[in-house]
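Below: one structure, written as structure tokens.
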Amino acid sequence: MNELRIAVLVGSTRAARRGPAVASWVAEAARRHPDLAGARVDIVDVADAELPLLDEPVPAIAGDYRNPHTVRWAETVRSYDAFVVVTPVHNASYPASLKNAIDYLYAEWNGAVVGLVGYGAHGGTRAIDHLRTVFAEVKAITLAQEVSLEIFGDFDFSDADPTDRTAIGRVAPRPQQVEALHALLGAVAAWARPRAAVAA
Ligand SMILES: Cc1cc2nc3c(=O)[nH]c(=O)nc-3n(C[C@H](O)[C@H](O)[C@H](O)COP(=O)(O)O)c2cc1C
């Protein structure tokens, strides 16, 4: 039996972003989740993929990737069975960096199980809702369970300088958020299969 490979995907790329802190919270919970015992859990940062704005000459559905950054990104995505996508809300949706990273590929997303964790000043649902539509188009399977963190309800700024506009805060989720993440990770465990085993 192959081990399940799970990527916690950081979708935002700006300086002083909160994405890595949220991703660490998710990854630690995944590594402790009893249903995911034996799974490999990695944090994959879209920023590290160094993808320019989509520059492939052929649409991804053809699978004719020409650029080394695309080939590398395809290999990365193909190496995971499931994704927990960590997305902020940027202007009532998810960030352009995440759309760009999704649009680069097609077959590599097919059949991938995707859990969605959003965060924003007013929670993450607007980003999550838009991502469901996009992931459906690349035939990924989004889970109903989701987590929506509020910046002023689920982060602790007590150690931050109040004049520092770049303060990230510390992820301090309310109990219902911990429960929501536990349920989401349980759904990942229930639905995800090593893709090598189910490839058509
Ligand atoms: C360009 C931009 C637009 C934003 N728009 C919204 C918004 O529409 N709704 C919301 O609740 N929060 C919004 N926020 C607040 C962000 O969700 C919050 O700052 C979050 O930490 C941004 O994610 P990041 O730190 O990973 O970039 C916005 C932030 C940025 C940078």
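Labels used: A, B, ... for chains in the order of the structure tokens, numbers from 1 for residues in each chain, and numbers from 1 for ligands as shown.
Neighbouring residues of Arg126 in chain A at 12 Å or closer, counting only C-alpha atoms and skipping chain neighbours under 4 positions away, are Thr87, Pro88, Val89, His90, Asn91, Ala92, Ser93, Tyr94, Pro95, Leu116, Val117, Gly118, Tyr119, Gly120, Ala121, His122, His130, Leu131, Arg132, Thr133, Glu146, Val147, Ser148 and Leu149 of chain A.
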task = Would you kindly return, as number ranges by chain, each protein, DNA or RNA residue with an atom no farther than 8 Å from any atom of His33 in chain A, considering only C-alpha atoms and excluding same-chain residues fewer than 2 positions away?
result = A: 29-31, 35-37, 182, 185-186
Preceding selection exported with all heavy atoms as a short mmCIF file (atom, residue, chain, number, x, y, z; two decimals), in the first residue's frame:
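Saved the output as part.cif:
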data_model
loop_
_atom_site.label_atom_id
_atom_site.label_comp_id
_atom_site.auth_asym_id
_atom_site.auth_seq_id
_atom_site.Cartn_x
_atom_site.Cartn_y
_atom_site.Cartn_z
N ALA A 29 -1.62 19.90 12.43
CA ALA A 29 -2.86 19.15 12.74
C ALA A 29 -2.94 17.89 11.89
O ALA A 29 -3.38 16.83 12.36
CB ALA A 29 -4.08 20.05 12.51
N ALA A 30 -2.52 17.98 10.64
CA ALA A 30 -2.58 16.81 9.74
C ALA A 30 -1.62 15.72 10.24
O ALA A 30 -1.95 14.53 10.22
CB ALA A 30 -2.23 17.22 8.32
N ARG A 31 -0.45 16.14 10.70
CA ARG A 31 0.53 15.14 11.17
C ARG A 31 0.07 14.46 12.45
O ARG A 31 0.50 13.35 12.75
CB ARG A 31 1.90 15.81 11.35
CG ARG A 31 2.51 16.22 10.02
CD ARG A 31 3.86 16.91 10.17
NE ARG A 31 4.29 17.38 8.85
CZ ARG A 31 4.67 18.63 8.57
NH1 ARG A 31 4.72 19.53 9.53
NH2 ARG A 31 5.02 18.96 7.35
N ASP A 35 -6.54 9.69 11.67
CA ASP A 35 -6.92 9.06 10.40
C ASP A 35 -5.84 9.22 9.32
O ASP A 35 -5.92 8.58 8.27
CB ASP A 35 -8.23 9.68 9.87
CG ASP A 35 -9.39 9.45 10.81
OD1 ASP A 35 -9.22 8.68 11.78
OD2 ASP A 35 -10.45 10.06 10.59
N LEU A 36 -4.87 10.09 9.58
CA LEU A 36 -3.81 10.32 8.59
C LEU A 36 -2.48 9.74 9.03
O LEU A 36 -1.43 10.07 8.47
CB LEU A 36 -3.67 11.83 8.31
CG LEU A 36 -4.85 12.46 7.56
CD1 LEU A 36 -4.70 13.98 7.50
CD2 LEU A 36 -4.95 11.89 6.15
N ALA A 37 -2.52 8.86 10.02
CA ALA A 37 -1.28 8.22 10.48
C ALA A 37 -0.62 7.52 9.30
O ALA A 37 -1.26 6.81 8.53
CB ALA A 37 -1.60 7.21 11.58
N HIS A 182 -10.22 19.58 12.03
CA HIS A 182 -10.18 18.14 12.30
C HIS A 182 -11.13 17.40 11.35
O HIS A 182 -10.78 16.35 10.78
CB HIS A 182 -10.56 17.88 13.76
CG HIS A 182 -10.35 16.47 14.20
ND1 HIS A 182 -9.12 15.97 14.58
CD2 HIS A 182 -11.22 15.42 14.29
CE1 HIS A 182 -9.23 14.70 14.89
NE2 HIS A 182 -10.49 14.33 14.73
N LEU A 185 -9.73 17.39 7.77
CA LEU A 185 -8.63 16.42 7.60
C LEU A 185 -9.17 14.99 7.63
O LEU A 185 -8.65 14.11 6.93
CB LEU A 185 -7.57 16.65 8.68
CG LEU A 185 -6.83 18.00 8.56
CD1 LEU A 185 -5.99 18.25 9.81
CD2 LEU A 185 -5.96 18.04 7.31
N GLY A 186 -10.21 14.77 8.42
CA GLY A 186 -10.86 13.45 8.41
C GLY A 186 -11.45 13.15 7.04
O GLY A 186 -11.38 12.00 6.56
#
Residues at most 8 Å from Leu143 in chain A, counting only C-alpha atoms, excluding those fewer than 4 positions away in the same chain, as a compact mmCIF listing (two decimals) with N, CA and C atoms, in the first residue's frame?
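File written: result_22.txt
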# COMPACT_ATOMS: atom_id res chain seq x y z
N VAL A 113 -7.81 15.21 -4.50
CA VAL A 113 -8.75 15.62 -3.45
C VAL A 113 -8.24 16.95 -2.86
N VAL A 114 -9.15 17.90 -2.74
CA VAL A 114 -8.76 19.25 -2.31
C VAL A 114 -9.63 19.68 -1.13
N GLY A 115 -8.99 19.97 -0.01
CA GLY A 115 -9.65 20.61 1.12
C GLY A 115 -9.28 22.08 1.11
N LEU A 116 -10.19 22.92 1.58
CA LEU A 116 -9.98 24.36 1.47
C LEU A 116 -10.00 25.03 2.84
N LEU A 184 -12.23 18.47 8.43
CA LEU A 184 -11.73 18.57 7.06
C LEU A 184 -10.64 17.52 6.81
N ALA A 187 -12.01 14.16 6.41
CA ALA A 187 -12.57 13.97 5.06
C ALA A 187 -11.46 13.71 4.04
N VAL A 188 -10.33 14.40 4.20
CA VAL A 188 -9.19 14.12 3.31
C VAL A 188 -8.82 12.64 3.43
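Around His69 in chain A, within 12 Å and counting only C-alpha atoms, the residues found are Val46, Asp48, Ala49, Glu50, Leu51, Pro52, Leu53, Leu54, Asp55, Glu56, Tyr65, Arg66, Arg72, Trp73, Ala74, Glu75, Thr76, Ala101, Tyr104 and Leu105 of chain A, once anything fewer than 3 positions away on its own chain is removed.
Neighbours of Ile61 in chain A closer than or equal to 10 Å, with only C-alpha atoms counted and sequence neighbours fewer than 6 positions away skipped, come out as A:Asp103, A:Tyr104, A:Leu105, A:Tyr106, A:Ala107, A:Glu108, A:Val138.
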Please, could you write that set of residues out with N, CA, C and O atoms as a PDB file, in the first residue's frame?
ATOM      1  N   ASP A 103      -3.872  27.440 -13.138  1.00  0.00           N
ATOM      2  CA  ASP A 103      -4.033  27.496 -14.599  1.00  0.00           C
ATOM      3  C   ASP A 103      -2.857  26.884 -15.351  1.00  0.00           C
ATOM      4  O   ASP A 103      -3.014  26.479 -16.512  1.00  0.00           O
ATOM      5  N   TYR A 104      -1.701  26.835 -14.736  1.00  0.00           N
ATOM      6  CA  TYR A 104      -0.522  26.268 -15.402  1.00  0.00           C
ATOM      7  C   TYR A 104      -0.697  24.801 -15.773  1.00  0.00           C
ATOM      8  O   TYR A 104      -0.038  24.306 -16.694  1.00  0.00           O
ATOM      9  N   LEU A 105      -1.549  24.077 -15.025  1.00  0.00           N
ATOM     10  CA  LEU A 105      -1.625  22.618 -15.160  1.00  0.00           C
ATOM     11  C   LEU A 105      -3.060  22.180 -15.422  1.00  0.00           C
ATOM     12  O   LEU A 105      -4.009  22.930 -15.236  1.00  0.00           O
ATOM     13  N   TYR A 106      -3.215  20.934 -15.800  1.00  0.00           N
ATOM     14  CA  TYR A 106      -4.559  20.369 -15.956  1.00  0.00           C
ATOM     15  C   TYR A 106      -4.587  18.919 -15.449  1.00  0.00           C
ATOM     16  O   TYR A 106      -5.166  18.636 -14.403  1.00  0.00           O
ATOM     17  N   ALA A 107      -3.922  18.027 -16.172  1.00  0.00           N
ATOM     18  CA  ALA A 107      -4.005  16.596 -15.822  1.00  0.00           C
ATOM     19  C   ALA A 107      -3.538  16.345 -14.391  1.00  0.00           C
ATOM     20  O   ALA A 107      -4.062  15.450 -13.711  1.00  0.00           O
ATOM     21  N   GLU A 108      -2.581  17.146 -13.946  1.00  0.00           N
ATOM     22  CA  GLU A 108      -2.019  16.919 -12.608  1.00  0.00           C
ATOM     23  C   GLU A 108      -3.041  17.208 -11.511  1.00  0.00           C
ATOM     24  O   GLU A 108      -2.919  16.695 -10.391  1.00  0.00           O
ATOM     25  N   VAL A 138     -10.841  21.788 -13.434  1.00  0.00           N
ATOM     26  CA  VAL A 138      -9.661  20.931 -13.666  1.00  0.00           C
ATOM     27  C   VAL A 138      -9.877  19.533 -13.064  1.00  0.00           C
ATOM     28  O   VAL A 138      -8.937  18.773 -12.862  1.00  0.00           O
TER      29      VAL A 138
END
key: Which of chain A DSSP labels helix (DSSP H, G or I), written as a count of residues only   = 81
task = Quote the spacing between CA of Asp42 in chain A and CA of Leu9 in chain A in Å to one decimal place.
result = 8.5 Å
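Here CA of Ala7 in chain A and CA of Ala112 in chain A stand 10.7 Å from one another.
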